[in-house]
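Asks: What follows is protein_22.cif, mmCIF, C-alpha atoms.
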data_work
#
loop_
_atom_site.label_atom_id
_atom_site.label_comp_id
_atom_site.auth_asym_id
_atom_site.auth_seq_id
_atom_site.Cartn_x
_atom_site.Cartn_y
_atom_site.Cartn_z
CA MET J 1 72.03 326.21 81.67
CA LEU J 2 75.38 327.61 82.85
CA LEU J 3 76.76 324.07 82.92
CA LEU J 4 75.63 323.42 79.33
CA ARG J 5 77.26 326.67 78.22
CA LEU J 6 80.42 325.72 80.15
CA TYR J 7 80.51 322.32 78.44
CA TYR J 8 79.96 323.92 75.03
CA GLU J 9 82.67 326.59 75.43
CA PHE J 10 85.29 324.06 76.58
CA PHE J 11 84.20 321.57 73.92
CA LYS J 12 85.05 324.29 71.37
CA ALA J 13 88.45 324.87 73.02
CA GLY J 14 89.14 321.12 72.90
CA LEU J 15 88.11 320.95 69.26
CA PHE J 16 90.13 323.89 67.97
CA ALA J 17 93.22 323.98 70.21
CA ILE J 18 95.80 321.92 68.34
CA GLY J 19 99.25 321.19 69.75
CA GLY J 20 98.66 320.64 73.43
CA GLY J 21 98.68 322.44 76.77
CA LEU J 22 99.37 326.10 76.19
CA ALA J 23 97.46 326.03 72.90
CA THR J 24 94.28 326.19 75.00
CA LEU J 25 95.34 329.53 76.48
CA PRO J 26 94.05 331.84 73.71
CA PHE J 27 90.68 330.05 73.94
CA LEU J 28 90.55 330.59 77.69
CA GLN J 29 91.24 334.30 77.13
CA GLU J 30 88.37 334.46 74.68
CA ILE J 31 86.03 332.63 77.10
CA SER J 32 87.08 335.01 79.88
CA GLN J 33 86.31 338.11 77.80
CA LYS J 34 83.05 336.75 76.45
CA THR J 35 81.51 335.33 79.61
CA GLY J 36 83.24 336.99 82.56
CA TRP J 37 83.36 333.59 84.33
CA PHE J 38 86.91 334.34 85.39
CA THR J 39 89.17 337.39 85.14
CA THR J 40 92.52 337.97 83.43
CA HIS J 41 94.03 337.88 86.93
CA ASP J 42 92.51 334.41 87.43
CA LEU J 43 94.15 333.39 84.14
CA THR J 44 97.61 334.41 85.40
CA ASP J 45 97.03 332.41 88.59
CA LEU J 46 95.74 329.56 86.48
CA ILE J 47 98.93 329.33 84.42
CA ALA J 48 101.13 329.38 87.53
CA ILE J 49 98.99 326.73 89.24
CA SER J 50 98.68 324.52 86.13
CA GLU J 51 102.44 324.46 85.81
CA SER J 52 103.05 323.72 89.50
CA THR J 53 100.67 320.78 89.85
CA PRO J 54 100.71 317.33 88.26
CA GLY J 55 98.63 316.64 85.15
CA ALA J 56 98.19 317.98 81.63
CA ILE J 57 98.36 321.79 81.61
CA GLY J 58 95.24 322.22 79.44
CA VAL J 59 93.21 319.95 81.71
CA ASN J 60 94.41 321.77 84.82
CA ALA J 61 93.50 325.10 83.21
CA ALA J 62 90.00 323.89 82.26
CA THR J 63 89.37 322.55 85.77
CA TYR J 64 90.53 325.79 87.37
CA ALA J 65 88.49 327.99 85.01
CA GLY J 66 85.40 325.77 85.37
CA PHE J 67 85.75 325.83 89.15
CA HIS J 68 85.77 329.63 89.11
CA ALA J 69 82.65 329.66 86.98
CA SER J 70 80.60 327.11 88.89
CA GLY J 71 82.41 325.24 91.68
CA VAL J 72 83.44 321.58 91.69
CA ILE J 73 80.73 320.58 89.18
CA GLY J 74 81.88 323.43 86.92
CA GLY J 75 85.44 322.07 86.96
CA ILE J 76 84.23 318.58 86.05
CA VAL J 77 81.93 319.81 83.26
CA ALA J 78 84.61 322.08 81.74
CA THR J 79 87.15 319.23 81.74
CA LEU J 80 84.69 316.76 80.21
CA GLY J 81 83.88 319.35 77.52
CA LEU J 82 87.59 319.80 76.78
CA VAL J 83 88.31 316.08 76.35
CA THR J 84 85.16 315.02 74.45
CA PRO J 85 86.44 316.12 70.99
CA SER J 86 89.74 314.29 71.61
CA ILE J 87 87.97 311.05 72.44
CA ILE J 88 85.76 311.23 69.33
CA VAL J 89 88.53 312.31 66.91
CA ILE J 90 91.12 309.84 68.19
CA ILE J 91 88.72 306.88 68.14
CA LEU J 92 87.82 307.73 64.53
CA ILE J 93 91.51 307.99 63.58
CA SER J 94 92.25 304.70 65.36
CA LYS J 95 89.51 302.95 63.39
CA VAL J 96 90.90 304.27 60.08
CA LEU J 97 94.46 303.36 61.09
CA GLN J 98 93.50 299.81 62.03
CA LYS J 99 91.90 299.37 58.62
CA PHE J 100 94.91 300.65 56.67
CA LYS J 101 97.63 299.52 59.08
CA SER J 102 99.04 296.95 56.68
CA SER J 103 99.05 299.27 53.66
CA ALA J 104 102.56 300.04 52.39
CA ILE J 105 101.81 303.76 52.07
CA VAL J 106 100.70 304.09 55.71
CA GLN J 107 103.72 302.12 56.89
CA ASN J 108 106.11 304.22 54.84
CA ALA J 109 104.44 307.40 56.08
CA PHE J 110 105.03 306.24 59.66
CA TYR J 111 108.64 305.41 58.79
CA GLY J 112 109.10 309.14 58.00
CA LEU J 113 106.78 310.35 60.72
CA ARG J 114 108.51 308.65 63.65
CA PRO J 115 111.86 310.47 63.41
CA ALA J 116 109.93 313.75 62.90
CA SER J 117 107.87 313.05 66.02
CA THR J 118 111.06 312.27 67.95
CA GLY J 119 112.61 315.48 66.55
CA LEU J 120 109.64 317.57 67.71
CA ILE J 121 109.75 316.03 71.19
CA ALA J 122 113.54 316.57 71.32
CA ALA J 123 113.09 320.24 70.31
CA ALA J 124 110.37 320.73 72.92
CA GLY J 125 112.69 319.09 75.47
CA PHE J 126 115.49 321.38 74.32
CA SER J 127 113.35 324.48 74.90
CA VAL J 128 112.45 323.19 78.38
CA VAL J 129 116.18 322.66 79.07
CA LEU J 130 116.95 326.20 77.88
CA ALA J 131 114.17 327.72 79.99
CA THR J 132 115.34 325.79 83.07
CA LEU J 133 119.13 325.89 82.88
CA LEU J 134 119.87 329.06 80.94
CA THR J 135 118.57 332.61 80.55
CA VAL J 136 119.29 332.94 76.81
CA THR J 137 118.70 336.71 76.68
CA ASP J 138 121.35 337.25 79.41
CA LEU J 139 123.97 335.32 77.46
CA PRO J 140 125.47 338.27 75.49
CA THR J 141 125.79 340.53 78.58
CA ASP J 142 126.48 338.09 81.43
CA PRO J 143 127.73 334.76 80.00
CA LEU J 144 128.47 333.10 83.38
CA GLY J 145 125.46 334.42 85.27
CA ALA J 146 123.12 333.27 82.48
CA PHE J 147 123.56 329.64 83.56
CA ASN J 148 121.62 327.99 86.39
CA TRP J 149 124.62 326.22 87.96
CA PHE J 150 122.57 324.54 90.68
CA GLY J 151 120.31 323.10 87.97
CA ILE J 152 123.21 321.91 85.81
CA VAL J 153 124.88 320.04 88.69
CA LEU J 154 121.53 318.52 89.75
CA ALA J 155 120.78 317.49 86.13
CA VAL J 156 124.11 315.64 85.81
CA LEU J 157 123.52 313.86 89.13
CA ILE J 158 119.97 312.82 88.13
CA TYR J 159 121.19 311.56 84.76
CA LEU J 160 123.89 309.42 86.41
CA ALA J 161 121.34 308.11 88.93
CA ILE J 162 118.93 307.11 86.13
CA LYS J 163 121.71 305.27 84.27
CA LYS J 164 122.77 303.46 87.47
CA TRP J 165 119.35 302.61 88.91
CA ASN J 166 116.56 302.37 86.36
CA ARG J 167 113.76 303.25 88.81
CA HIS J 168 110.27 304.67 88.23
CA PRO J 169 110.53 308.36 87.12
CA VAL J 170 108.58 309.50 90.19
CA VAL J 171 111.48 308.44 92.42
CA TYR J 172 113.74 310.99 90.72
CA ILE J 173 111.01 313.65 90.76
CA GLY J 174 110.48 313.18 94.50
CA ALA J 175 114.21 313.28 95.21
CA SER J 176 114.66 316.43 93.07
CA ALA J 177 111.77 318.17 94.85
CA LEU J 178 113.48 317.45 98.19
CA VAL J 179 116.85 318.71 96.90
CA GLY J 180 115.11 321.85 95.62
CA ILE J 181 113.43 322.48 98.99
CA VAL J 182 116.66 321.97 100.96
CA ALA J 183 118.67 324.13 98.54
CA GLY J 184 115.97 326.80 98.63
CA TYR J 185 116.02 327.10 102.42
CA LEU J 186 119.85 327.02 102.41
CA GLY J 187 119.76 329.86 99.89
CA ILE J 188 121.90 328.15 97.22
CA LEU J 189 119.35 328.09 94.36
CA GLY J 190 120.53 329.76 91.14
CA MET B 191 86.76 293.29 80.92
CA LEU B 192 85.72 295.24 84.01
CA LYS B 193 89.05 294.38 85.58
CA LYS B 194 90.87 295.60 82.50
CA LEU B 195 88.90 298.87 82.45
CA THR B 196 89.59 299.46 86.14
CA ASP B 197 93.27 298.75 85.58
CA MET B 198 93.20 301.15 82.60
CA PHE B 199 91.63 303.91 84.73
CA LEU B 200 94.02 303.41 87.64
CA THR B 201 97.15 303.19 85.47
CA PHE B 202 96.29 306.42 83.65
CA ALA B 203 95.26 308.11 86.89
CA ARG B 204 98.73 307.25 88.22
CA ILE B 205 100.34 308.64 85.04
CA GLY B 206 98.26 311.84 85.24
CA GLY B 207 98.98 312.28 88.93
CA LEU B 208 102.73 311.82 88.56
CA THR B 209 103.31 313.97 85.47
CA PHE B 210 104.71 317.43 86.16
CA GLY B 211 104.95 319.86 83.25
CA GLY B 212 102.35 318.68 80.73
CA GLY B 213 102.26 316.56 77.57
CA TYR B 214 105.94 315.94 76.85
CA ALA B 215 106.76 315.33 80.52
CA MET B 216 104.22 312.50 80.40
CA LEU B 217 106.41 310.56 77.98
CA PRO B 218 108.78 309.02 80.60
CA MET B 219 105.74 307.95 82.68
CA LEU B 220 104.06 306.38 79.63
CA GLN B 221 107.27 304.53 78.69
CA ARG B 222 107.51 303.10 82.20
CA GLU B 223 103.85 302.29 82.91
CA VAL B 224 102.43 301.52 79.47
CA VAL B 225 105.39 300.17 77.45
CA GLU B 226 107.60 298.48 80.07
CA ASN B 227 105.15 297.45 82.82
CA ARG B 228 101.84 296.82 81.03
CA HIS B 229 102.94 296.15 77.41
CA TRP B 230 99.89 298.02 76.11
CA ALA B 231 101.98 299.74 73.42
CA THR B 232 105.48 299.65 71.93
CA GLU B 233 107.96 302.55 71.80
CA GLU B 234 107.18 302.85 68.07
CA GLU B 235 103.43 303.10 68.69
CA LEU B 236 104.04 305.73 71.36
CA THR B 237 106.01 307.80 68.83
CA ASP B 238 103.15 307.42 66.33
CA TYR B 239 100.55 308.52 68.91
CA TYR B 240 102.61 311.60 69.80
CA ALA B 241 102.97 312.51 66.13
CA ILE B 242 99.23 312.19 65.49
CA GLY B 243 98.33 313.67 68.89
CA GLN B 244 100.18 316.88 68.02
CA CYS B 245 98.29 317.29 64.74
CA THR B 246 94.80 316.55 65.99
CA PRO B 247 92.58 318.69 68.20
CA GLY B 248 92.94 318.49 71.95
CA ILE B 249 95.54 317.96 74.64
CA ILE B 250 98.41 315.62 73.64
CA ALA B 251 98.23 313.69 76.92
CA VAL B 252 94.51 313.05 76.45
CA ASN B 253 94.93 312.07 72.81
CA THR B 254 97.68 309.57 73.69
CA ALA B 255 95.59 308.10 76.54
CA THR B 256 92.61 307.66 74.20
CA PHE B 257 94.79 305.93 71.57
CA ILE B 258 96.21 303.42 74.04
CA GLY B 259 92.91 302.80 75.83
CA TYR B 260 91.03 302.27 72.58
CA LYS B 261 93.67 299.93 71.19
CA GLU B 262 93.64 297.76 74.33
CA ALA B 263 89.97 297.80 75.28
CA GLY B 264 87.84 299.50 72.60
CA ILE B 265 85.77 302.66 72.97
CA LEU B 266 85.17 302.14 76.71
CA GLY B 267 88.92 301.66 77.13
CA GLY B 268 89.60 304.97 75.38
CA ILE B 269 87.07 306.73 77.64
CA MET B 270 88.38 305.10 80.84
CA ALA B 271 92.02 305.94 80.02
CA THR B 272 91.05 309.57 79.38
CA LEU B 273 88.95 309.84 82.54
CA GLY B 274 91.88 308.31 84.42
CA VAL B 275 94.43 310.76 83.08
CA VAL B 276 92.27 313.81 83.97
CA PHE B 277 91.04 312.53 87.36
CA PRO B 278 94.03 313.67 89.50
CA SER B 279 93.83 317.16 87.90
CA LEU B 280 90.15 317.44 88.84
CA VAL B 281 90.82 316.54 92.47
CA ILE B 282 94.05 318.51 92.96
CA ILE B 283 92.99 321.66 91.10
CA SER B 284 89.58 321.78 92.80
CA ILE B 285 91.26 321.62 96.21
CA ILE B 286 93.77 324.32 95.27
CA ALA B 287 91.13 326.58 93.68
CA ALA B 288 88.96 326.27 96.79
CA PHE B 289 91.54 326.57 99.57
CA LEU B 290 95.02 327.46 98.33
CA THR B 291 94.75 330.28 95.81
CA ASN B 292 98.29 331.38 96.72
CA PHE B 293 99.61 327.82 96.17
CA ALA B 294 102.01 328.75 93.36
CA ASP B 295 103.46 331.62 95.44
CA LEU B 296 104.42 329.47 98.45
CA ALA B 297 108.20 329.35 98.95
CA LEU B 298 108.06 325.60 99.59
CA VAL B 299 106.27 324.98 96.26
CA GLN B 300 108.65 327.23 94.33
CA TYR B 301 111.72 325.55 95.83
CA ALA B 302 110.33 322.07 95.13
CA PHE B 303 109.64 323.03 91.52
CA SER B 304 113.11 324.45 90.98
CA GLY B 305 114.25 320.86 91.61
CA ILE B 306 111.37 319.15 89.76
CA ARG B 307 111.87 321.24 86.60
CA VAL B 308 115.51 320.14 86.36
CA CYS B 309 114.44 316.52 86.84
CA VAL B 310 111.79 316.81 84.10
CA CYS B 311 114.51 318.03 81.67
CA VAL B 312 116.62 314.95 82.35
CA LEU B 313 113.62 312.60 82.17
CA ILE B 314 112.59 314.01 78.78
CA PHE B 315 116.19 313.72 77.54
CA ASN B 316 116.25 310.08 78.64
CA ALA B 317 112.84 309.43 77.03
CA VAL B 318 114.00 310.97 73.75
CA GLN B 319 117.06 308.70 73.76
CA LYS B 320 114.75 305.66 73.94
CA LEU B 321 112.52 306.94 71.12
CA TRP B 322 115.59 307.83 69.08
CA LYS B 323 116.86 304.25 69.15
CA LYS B 324 113.55 303.00 67.71
CA SER B 325 112.77 305.72 65.18
CA VAL B 326 116.13 306.92 63.83
CA ILE B 327 117.22 303.68 62.21
CA ASP B 328 119.04 304.61 58.97
CA SER B 329 120.29 307.63 57.00
CA PRO B 330 116.91 308.95 55.69
CA THR B 331 115.43 308.86 59.21
CA THR B 332 118.56 310.55 60.59
CA VAL B 333 118.13 313.36 58.05
CA ILE B 334 114.42 313.76 58.93
CA PHE B 335 115.18 313.80 62.67
CA LEU B 336 117.98 316.38 62.32
CA ALA B 337 115.98 318.62 59.98
CA VAL B 338 112.92 318.71 62.28
CA PHE B 339 114.97 319.08 65.47
CA LEU B 340 117.26 321.83 64.14
CA VAL B 341 114.55 323.95 62.50
CA SER B 342 112.27 323.67 65.52
CA ALA B 343 115.04 324.24 68.11
CA ILE B 344 116.61 327.18 66.24
CA LEU B 345 113.19 328.82 65.89
CA THR B 346 112.66 328.43 69.65
CA VAL B 347 115.99 330.10 70.48
CA ALA B 348 115.37 332.86 67.90
CA GLN B 349 111.97 333.49 69.49
CA SER B 350 113.52 334.36 72.84
CA PHE B 351 115.33 337.22 71.06
CA TYR B 352 112.55 338.10 68.60
CA PRO B 353 109.23 337.37 70.32
CA ASN B 354 107.23 338.31 67.20
CA LEU B 355 108.74 335.52 65.12
CA THR B 356 106.04 333.06 64.12
CA SER B 357 106.51 329.39 64.88
CA ILE B 358 105.78 326.51 62.51
CA SER B 359 102.86 324.28 63.45
CA PRO B 360 103.74 320.64 64.27
CA ILE B 361 101.27 319.70 61.53
CA VAL B 362 103.65 321.09 58.89
CA TYR B 363 106.59 318.99 60.14
CA VAL B 364 104.52 315.83 60.49
CA VAL B 365 102.87 316.08 57.06
CA ILE B 366 106.18 316.79 55.27
CA ALA B 367 107.89 313.94 57.14
CA GLY B 368 105.07 311.54 56.30
CA VAL B 369 105.31 312.41 52.61
CA ALA B 370 109.13 312.14 52.80
CA GLY B 371 108.73 308.68 54.33
CA VAL B 372 106.55 307.53 51.42
CA VAL B 373 108.92 309.05 48.84
CA LEU B 374 112.18 307.86 50.43
CA HIS B 375 110.99 304.44 51.49
CA GLY B 376 108.25 303.68 48.98
CA GLY B 377 110.57 302.70 46.13
CA SER B 378 112.51 300.12 48.10
CA GLY B 379 109.49 297.85 48.57
CA LYS B 380 110.53 297.17 52.15
CA LYS B 381 107.82 296.96 54.77
CA GLU B 382 108.17 298.40 58.26
CA VAL B 383 106.49 296.54 61.08
CA ALA B 384 103.98 298.99 62.51
#
For this file, write the structure as structure tokens.
Replies:
Amino acid sequence: MLLLRLYYEFFKAGLFAIGGGLATLPFLQEISQKTGWFTTHDLTDLIAISESTPGAIGVNAATYAGFHASGVIGGIVATLGLVTPSIIVIILISKVLQKFKSSAIVQNAFYGLRPASTGLIAAAGFSVVLATLLTVTDLPTDPLGAFNWFGIVLAVLIYLAIKKWNRHPVVYIGASALVGIVAGYLGILG
Amino acid sequence: MLKKLTDMFLTFARIGGLTFGGGYAMLPMLQREVVENRHWATEEELTDYYAIGQCTPGIIAVNTATFIGYKEAGILGGIMATLGVVFPSLVIISIIAAFLTNFADLALVQYAFSGIRVCVCVLIFNAVQKLWKKSVIDSPTTVIFLAVFLVSAILTVAQSFYPNLTSISPIVYVVIAGVAGVVLHGGSGKKEVA
């Protein structure tokens, strides 16, 4: 019964949370208040853990919350609930798209949609860059201290390495993790 | 078919397991694994899936996985790709929730992520460059790109000073851009290869 309820609550989150990862957060808060499966403190832990582990943030959050409610099975059921609406909606959209793929209107819509999609991804990337390399609110009071100099130097080095050797992204992620660990223990992180 | 479905599951499990930082950070992995190595989708299709994935319910990463899986191997393909992309999360998060509740507070993890976060920035920048080459192809598309990027980026910066400022849903950008595409490109009679 608990598992059915778990599936249903996360199905709702998957159906109504539009715009990815952190969009699921308000739904998790609501589930927490309504059911008591996990506490607000668990939610804070959940955000920190979701962001420091691989995988989609929303999926990580659902697994963590489901685990707190009902162990390993709870995590699986919550995640399956979260992704079920996506699978159904996307397959329906794919079917419609395939049918109208050759229509001029659909093709022209995609002609306008693609640069917008790239623009949205670029803006999201830009906000990640800001959050990582700069403390914007410190800029007016402490212009030099607002920058993460360690991060800026590392970013330039990674960019040059990508341009020189076009390896799998995980190579650069692994190397950056190592640099971060060494810098952390040497005490030179920004 | 079974071989294809297994390959689908394993490829997306690898993508899910190697993505740090959620939906957008998955883009460089998808470009490498799905576009360059497997040829299951083109850069253009990936851009389309991201646009639609941001306007439809659910996690962007899951939506994109379903799109690619369905296109390559039907409904089962969509399901296998999605199960693949969530599988590493299930394993890793269950282990952490059971044994390592202080995982995110460990010095080692925090140091590693101060490096990983920088890397993710550069990877996303590099991924956007690739998408840019395929989607910003003439002056109308340049205008659409700049308008969406500037409005969205300026709002983000403004929000760090005024937290109560509301943001604009991606749906608004995508719908307006789609209509703009029809209006700006419809008259010319040209056809884009989807």
Asks: Apply the PyMOL selection byres ((chain J and resi 126) around 12) to the displayed file and report the matching residues as JSON, numbers by chain.
Replies: {"J": [118, 119, 120, 121, 122, 123, 124, 125, 127, 128, 129, 130, 131, 132, 133, 134], "B": [214, 310, 311, 312, 313, 314, 315, 318, 339, 340, 342, 343, 344, 345, 346, 347]}
Asks: Tell me which residues the PyMOL selection byres ((chain B and resi 223) around 12) grabs here, as a CSV table (one decimal) with C-alpha atoms, in the frame of the given file.
Replies:
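Here's the written file result-v3.csv:
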chain,number,residue,atom,x,y,z
J,167,ARG,CA,113.8,303.2,88.8
J,168,HIS,CA,110.3,304.7,88.2
J,169,PRO,CA,110.5,308.4,87.1
J,170,VAL,CA,108.6,309.5,90.2
B,197,ASP,CA,93.3,298.8,85.6
B,198,MET,CA,93.2,301.2,82.6
B,200,LEU,CA,94.0,303.4,87.6
B,201,THR,CA,97.2,303.2,85.5
B,202,PHE,CA,96.3,306.4,83.6
B,203,ALA,CA,95.3,308.1,86.9
B,204,ARG,CA,98.7,307.2,88.2
B,205,ILE,CA,100.3,308.6,85.0
B,206,GLY,CA,98.3,311.8,85.2
B,208,LEU,CA,102.7,311.8,88.6
B,209,THR,CA,103.3,314.0,85.5
B,216,MET,CA,104.2,312.5,80.4
B,217,LEU,CA,106.4,310.6,78.0
B,218,PRO,CA,108.8,309.0,80.6
B,219,MET,CA,105.7,308.0,82.7
B,220,LEU,CA,104.1,306.4,79.6
B,221,GLN,CA,107.3,304.5,78.7
B,222,ARG,CA,107.5,303.1,82.2
B,224,VAL,CA,102.4,301.5,79.5
B,225,VAL,CA,105.4,300.2,77.4
B,226,GLU,CA,107.6,298.5,80.1
B,227,ASN,CA,105.2,297.4,82.8
B,228,ARG,CA,101.8,296.8,81.0
B,229,HIS,CA,102.9,296.2,77.4
B,230,TRP,CA,99.9,298.0,76.1
B,231,ALA,CA,102.0,299.7,73.4
B,232,THR,CA,105.5,299.6,71.9
B,233,GLU,CA,108.0,302.6,71.8
B,255,ALA,CA,95.6,308.1,76.5
B,258,ILE,CA,96.2,303.4,74.0
Asks: What do you get, as a ChimeraX atom specification, if you spell out every residue that the PyMOL selection byres ((chain B and resi 306) around 12) selects here?
Replies: /J:51-54,132,151,154-155,158,169-181 /B:208-211,215,299-305,307-313
Asks: My list of candidates is J:Trp165, J:Phe150, J:Tyr64, J:Phe27. Which is closest to chain B when distances are computed with only C-alpha atoms?
Replies: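 Under the stated criterion, the closest residue is J:Tyr64.
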Asks: Distance atom CA of Ala183 of chain J-atom CA of Trp149 of chain J, one decimal place?
Replies: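 According to the coordinates, atom CA of Ala183 of chain J and atom CA of Trp149 of chain J are separated by 12.3 Å.
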Asks: Given all atoms listed in the file as the basis, pick out the residue of J:Thr40, J:Gln98, J:Gln29, J:Thr141 nearest to chain B.
Replies: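 Checking each candidate against chain B, we get J:Gln98 as the closest.
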Asks: Using all atoms listed in the file for the distances, tell me which of J:Asn166, J:Ile152, J:Val77, J:Val83 is nearest to Met1 of chain J.
Replies: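 Smallest distance to Met1 of chain J is found for J:Val77.
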Asks: What's the 8 Å shell around Tyr7 of chain J, counting only C-alpha atoms, without same-chain residues fewer than 6 positions away, as a ChimeraX atom specification?
Replies: /J:77-78,80-82
Asks: Hey, can you check how far atom CA of Gly55 of chain J sits from atom CA of Gly207 of chain B?
Replies: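 One can read the atom CA of Gly55 of chain J to atom CA of Gly207 of chain B distance as 5.8 Å.
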Asks: In Å, rounded to a single decimal, give me how far atom CA of Thr135 of chain J is from atom CA of Ser350 of chain B.
Replies: 9.4 Å
Asks: So that I can check the surroundings of Lys12 of chain J, please list as a PyMOL selection string every protein, DNA and RNA residue that reaches within 12 Å of it, counting only C-alpha atoms and ignoring chain neighbours fewer than 4 positions away.
Replies: (chain J and resi 5-8+16-18+24+26-28+30-31+62+78-86) or (chain B and resi 247-248)
Asks: Considering all atoms listed in the file, return as a short mmCIF file (atom, residue, chain, number, x, y, z; two decimals) with C-alpha atoms, in the coordinates of the input whatever protein or nucleic-acid residues lie within 9 Å of segment 267-272 of chain B, sequence-local ones (same chain, fewer than 4 positions apart) excluded.
Replies:
data_model
loop_
_atom_site.label_atom_id
_atom_site.label_comp_id
_atom_site.auth_asym_id
_atom_site.auth_seq_id
_atom_site.Cartn_x
_atom_site.Cartn_y
_atom_site.Cartn_z
CA VAL J 83 88.31 316.08 76.35
CA ILE J 87 87.97 311.05 72.44
CA ILE J 90 91.12 309.84 68.19
CA ILE J 91 88.72 306.88 68.14
CA LYS B 194 90.87 295.60 82.50
CA LEU B 195 88.90 298.87 82.45
CA THR B 196 89.59 299.46 86.14
CA MET B 198 93.20 301.15 82.60
CA PHE B 199 91.63 303.91 84.73
CA LEU B 200 94.02 303.41 87.64
CA THR B 201 97.15 303.19 85.47
CA PHE B 202 96.29 306.42 83.65
CA ALA B 203 95.26 308.11 86.89
CA ALA B 251 98.23 313.69 76.92
CA VAL B 252 94.51 313.05 76.45
CA ASN B 253 94.93 312.07 72.81
CA THR B 254 97.68 309.57 73.69
CA ALA B 255 95.59 308.10 76.54
CA THR B 256 92.61 307.66 74.20
CA PHE B 257 94.79 305.93 71.57
CA ILE B 258 96.21 303.42 74.04
CA GLY B 259 92.91 302.80 75.83
CA TYR B 260 91.03 302.27 72.58
CA LYS B 261 93.67 299.93 71.19
CA GLU B 262 93.64 297.76 74.33
CA ALA B 263 89.97 297.80 75.28
CA VAL B 276 92.27 313.81 83.97
CA PHE B 277 91.04 312.53 87.36
#
Asks: I'd like to know which of J:Ala56, J:Leu189, J:Ala69, J:Val156 is closest to chain B, using all atoms listed in the file.
Replies: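 Nearest candidate to chain B out of J:Ala56, J:Leu189, J:Ala69, J:Val156: J:Ala56.
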Asks: Closest to chain B among J:Pro115, J:Gly66, J:Pro143, J:Gly36, using only C-alpha atoms?
Replies: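 The closest residue to chain B is J:Pro115.
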Asks: Taking into account only C-alpha atoms, which residue in the set B:Leu290, B:Ile334, B:Ala241, B:Ala297 is nearest to Ile49 of chain J?
Replies: B:Leu290
Asks: Can you pull segment 309-319 of chain B out of that block with N, CA, C and O atoms and hand it back as an mmCIF file, in the first residue's frame?
Replies:
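Writing done, so here's out.cif:
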data_model
loop_
_atom_site.group_PDB
_atom_site.id
_atom_site.type_symbol
_atom_site.label_atom_id
_atom_site.label_comp_id
_atom_site.auth_asym_id
_atom_site.auth_seq_id
_atom_site.Cartn_x
_atom_site.Cartn_y
_atom_site.Cartn_z
ATOM 1 N N CYS B 309 35.069 21.866 -14.282
ATOM 2 C CA CYS B 309 35.132 21.072 -15.505
ATOM 3 C C CYS B 309 33.779 21.051 -16.210
ATOM 4 O O CYS B 309 33.708 21.174 -17.440
ATOM 5 N N VAL B 310 32.692 20.910 -15.427
ATOM 6 C CA VAL B 310 31.350 20.868 -16.014
ATOM 7 C C VAL B 310 31.049 22.179 -16.754
ATOM 8 O O VAL B 310 30.479 22.168 -17.846
ATOM 9 N N CYS B 311 31.481 23.318 -16.181
ATOM 10 C CA CYS B 311 31.313 24.618 -16.862
ATOM 11 C C CYS B 311 31.945 24.570 -18.254
ATOM 12 O O CYS B 311 31.328 24.977 -19.244
ATOM 13 N N VAL B 312 33.188 24.119 -18.309
ATOM 14 C CA VAL B 312 33.914 24.113 -19.582
ATOM 15 C C VAL B 312 33.263 23.132 -20.553
ATOM 16 O O VAL B 312 33.114 23.435 -21.747
ATOM 17 N N LEU B 313 32.847 21.971 -20.048
ATOM 18 C CA LEU B 313 32.214 20.969 -20.919
ATOM 19 C C LEU B 313 30.914 21.508 -21.506
ATOM 20 O O LEU B 313 30.625 21.301 -22.691
ATOM 21 N N ILE B 314 30.121 22.212 -20.689
ATOM 22 C CA ILE B 314 28.872 22.778 -21.202
ATOM 23 C C ILE B 314 29.179 23.854 -22.250
ATOM 24 O O ILE B 314 28.557 23.902 -23.314
ATOM 25 N N PHE B 315 30.185 24.695 -21.971
ATOM 26 C CA PHE B 315 30.589 25.727 -22.926
ATOM 27 C C PHE B 315 30.951 25.098 -24.274
ATOM 28 O O PHE B 315 30.513 25.536 -25.339
ATOM 29 N N ASN B 316 31.740 24.028 -24.209
ATOM 30 C CA ASN B 316 32.172 23.320 -25.406
ATOM 31 C C ASN B 316 30.975 22.694 -26.144
ATOM 32 O O ASN B 316 30.891 22.737 -27.368
ATOM 33 N N ALA B 317 30.029 22.138 -25.367
ATOM 34 C CA ALA B 317 28.831 21.528 -25.953
ATOM 35 C C ALA B 317 27.973 22.582 -26.644
ATOM 36 O O ALA B 317 27.435 22.346 -27.734
ATOM 37 N N VAL B 318 27.861 23.759 -26.008
ATOM 38 C CA VAL B 318 27.059 24.830 -26.595
ATOM 39 C C VAL B 318 27.684 25.298 -27.918
ATOM 40 O O VAL B 318 26.981 25.560 -28.890
ATOM 41 N N GLN B 319 29.021 25.359 -27.952
ATOM 42 C CA GLN B 319 29.689 25.731 -29.202
ATOM 43 C C GLN B 319 29.286 24.801 -30.349
ATOM 44 O O GLN B 319 29.028 25.243 -31.465
#
